[in-house]
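What follows is a single structure, written as structure tokens, with notes after it.
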Amino acid sequence: MIGKTRFLLAETGQNIWRNIALTIASIIVVAASLSLFGTSRLVANGVANATQRWEGGIEFVVFMKADAEPSQLAAIEALLEESRGRDVDEWTFVSKQETFDEFTEFFADDEELLGTISIETMPPSYRIRPTDTDAGAVEALGTQFETKPGVRTVVFATEVIREIQQNASKISSAALWAGVALVVAAAIMILTTISIAISSRRNEIEIMKLVGASNWFIRIPFMIEGMVQGVVGALLAVPLLSLARKYLIEDFSESDTLRLLEGFRVTDGEFLATSLIVIALGTGVATIGSIIAVSRYLDV
Amino acid sequence: MIRLENVSKEYSADSPALIDASAEIDKGEFVFLVGASGSGKSTFIRLLNREEKPTTGKVYVAGKDIVGLSSWKVPFLRRNIGCIFQDYRLLPKRTVAENVAFALEVIGRPKHVIDQQVPAILDLVGLSEKSHRMPDELSGGEQQRVSIARAFVNRPLILLADEPTGNLDPDTAVGIMRLLDRINRTGTTVVMATHDRGIVDTMRRRVIELNDGHIVRDQSGGQYR
């Protein structure tokens with residue numbers, strides 16, 4: 001058994017070494033396709049996270065100071081009620097506790113950040129859906145609240161967020177389809193690499209058949225070769241995804257305040273899930289490519 | 001050991017390679033297949049290790065019908081059949097010893113068995129001194145000895161030889177025939193296709209002659225003609 005395993009591994013190693021240029025090309029295609037595919041998922045996650053607060057037509061949020069007096073809250077609510085039906089279509093209050101819960105859920109993996117906050121430090125807020133969604137009208141309405149006592153800041157659904165929200169499905173589905181197309185290309189690439197490996201070793205294969213090597217014994221080194229390409233490509237895609245994640249967060253939320261308020265963020269859990277999917281996909285695609293190659297080109 | 005019953009093989013409808021051939025070869029026999037090029041000798045041999053299936057008829061090896069053998073069992077049939085060829089078919093990037101070991105490695109023999117059997121068989125074929133040479137450093141006769149060592153290292157019941165002396169000068173060919181004779185005397189059945197009149201006439205073994213796919217002569221202690 002040990003002898004068999006060693007022989008099969010040595011054969012696989014030799015296959016890969018003889019075919020090194022194509023193997024590297026395959027690995028690159030696998031890595032590129034999977035990182036594109038994974039990025040599409042990360043973008044979708046980020047967009048969902050960033051726009052969660054802005055769902056349902058919310059155009060701006062009035063953040064109160066953490067230490068705002070109940071009377072100051074009452075004044076804002078009175079103003080909102082007064083404007084209801086005219087400028088304000090709908091509004092909701094988000095309490096300190098709700099904000100804290102949302103925060104802890106969202107930044108569950110950022111212990112350092114969570115260590116610095118408490119319920120008391122959380123700003124309560126009002127999420128407002130205006131009747132007129134024209135950018136100028138929204139801004140005019142929102143800025144009215146900025147100067148009210150107890151108000152910390154007013155955050156608008158920025159152009160970026162709106163644009164992302166509107167284009168979210170376009171962006172991530174475009175990346176997804178490009179990723180899928182490249183994954184198919186990767187499978188074909190692996191298939192071709194293996195078929196070339198098979199044809200470059202046809203003498204060995206012929207002799208293996210003549211001396212009675214079992215069909216699986218002949219096939220396995222080629223299948224492992226294909227799977228190595230898929231797995232290595234997938235493992236390379238993970239750091240690429242990590243770069244994409246960092247780039248996305250940095251690009252969309254340059255400052256800490258914005259990061260906290262706008263929340264364009266991919267959680268560690270989401271990143272891990274995407275990485276695992278990418279690795280599974282890489283392995284799966286390589287396995288399928290290898291099986292097709294050996295059953296098509298390896299007439300045992 | 002080997003039995004062909006009314007075997008025909010057609011690669012294309014207008015030129016059958018073997019027509020209604022029947023023959024029985026016992027264990028330990030040495031049989032020459034003779035005939036002109038294209039007479040069906042190679043097809044005869046390829047039917048015995050299931051490289052080809054007959055169009056009609058039955059082929060039995062060691063009592064088993066190998067025509068209906070499922071493809072996953074074919075390797076196990078071939079472990080009992082050694083093959084040698086006119087062009088040796090050695091792996092150019094492996095040494096003599098590695099070429100022979102390859103035949104055992106690919107059927108999953110453990111290393112200690114390989115380490116013991118490879119030197120023994122190289123000794124038998126007279127190549128102990130050259131076990132670390134590459135095939136291209138050897139003469140044709142020596143390469144054919146390596147190929148015989150590879151075919152015989154697994155102690156097959158049958159040795160099939162397709163023109164094994166076709167590329168060799170007469171003296172070297174005699175050496176190869178002595179080796180095959182020695183292997184035959186260990187009880188291994190040898191079936192050898194050849195054009196070499198001198199060898200057939202000298203050895204005086206059973207001769208099966210093929211002509212246009214028909215067995216036209218089956219004679220023990222025969223001559224080439």
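Each chain in the structure tokens gets a letter, A, B and so on, in the order shown; residues start at 1 in every chain, and ligands are counted from 1 in the order they appear.
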
Problem - In range 86-181 of chain B, DSSP alpha helix (DSSP H) residues written as a VMD selection string - result: chain B and resid 96 to 105 111 to 124 140 to 152 170 to 181

Problem - Distance filter 6 Å, only C-alpha atoms, chain A against chain B, as a ChimeraX atom specification - result: /A:3-4,211-214

Practice task
Find the spatial neighbours of range 102-111 of chain A, counting only C-alpha atoms, within a cut-off of 10 Å - ignore same-chain residues fewer than 5 positions away - and output them as number ranges by chain.
Solution key: A: 49, 94, 96-97, 116-119, 122, 260, 263, 265-269

Selection from above, C-alpha atoms, as a PDB file, in the first residue's frame, can you write it?
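Done, and the output landed in part-v4.pdb:
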```pdb
ATOM      1  CA  ASN A  49     -24.500  45.097   4.685  1.00  0.00           C
ATOM      2  CA  VAL A  94     -33.824  53.208  16.602  1.00  0.00           C
ATOM      3  CA  LYS A  96     -29.658  52.882  22.016  1.00  0.00           C
ATOM      4  CA  GLN A  97     -30.305  49.211  22.721  1.00  0.00           C
ATOM      5  CA  THR A 116     -14.692  50.346  23.242  1.00  0.00           C
ATOM      6  CA  ILE A 117     -18.479  50.594  23.061  1.00  0.00           C
ATOM      7  CA  SER A 118     -21.361  50.121  25.429  1.00  0.00           C
ATOM      8  CA  ILE A 119     -25.097  50.675  25.232  1.00  0.00           C
ATOM      9  CA  MET A 122     -24.603  54.349  21.337  1.00  0.00           C
ATOM     10  CA  LEU A 260     -19.138  52.724  11.134  1.00  0.00           C
ATOM     11  CA  GLY A 263     -21.065  49.915   7.136  1.00  0.00           C
ATOM     12  CA  ARG A 265     -18.134  45.752   5.255  1.00  0.00           C
ATOM     13  CA  VAL A 266     -17.696  42.031   4.731  1.00  0.00           C
ATOM     14  CA  THR A 267     -17.699  40.104   7.980  1.00  0.00           C
ATOM     15  CA  ASP A 268     -15.143  37.399   8.744  1.00  0.00           C
ATOM     16  CA  GLY A 269     -17.946  34.874   8.675  1.00  0.00           C
TER      17      GLY A 269
END
```

Handout entry: Atom pair CA of Ala137 in chain A / CA of Phe93 in chain A: separation (Å)
Key =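 CA of Ala137 in chain A sits 21.6 Å away from CA of Phe93 in chain A.
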
Practice task
Skip Gln144 in chain B itself and residues of its chain fewer than 3 positions away, then list as a PyMOL selection string all residues within 6 Å of it, counting only C-alpha atoms.
Solution key: chain B and resi 88+141+147

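Across A:Leu182, A:Ile224, A:Leu36, A:Ala157, the tightest approach to Thr12 in chain A is made by A:Ile224 when counting only C-alpha atoms.
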
Exercise for the section: Kindly indicate which residue among A:Glu146, A:Glu270, A:Glu206, A:Asp134 lies nearest to Asn45 in chain A, using only C-alpha atoms for the distances. Expected result: A:Glu270

Fill in the blank from the handout: One residue among A:Leu22, A:Ile220, A:Val151, A:Val183 is nearest to Gln72 in chain A when using only C-alpha atoms, and that residue is A:Val151
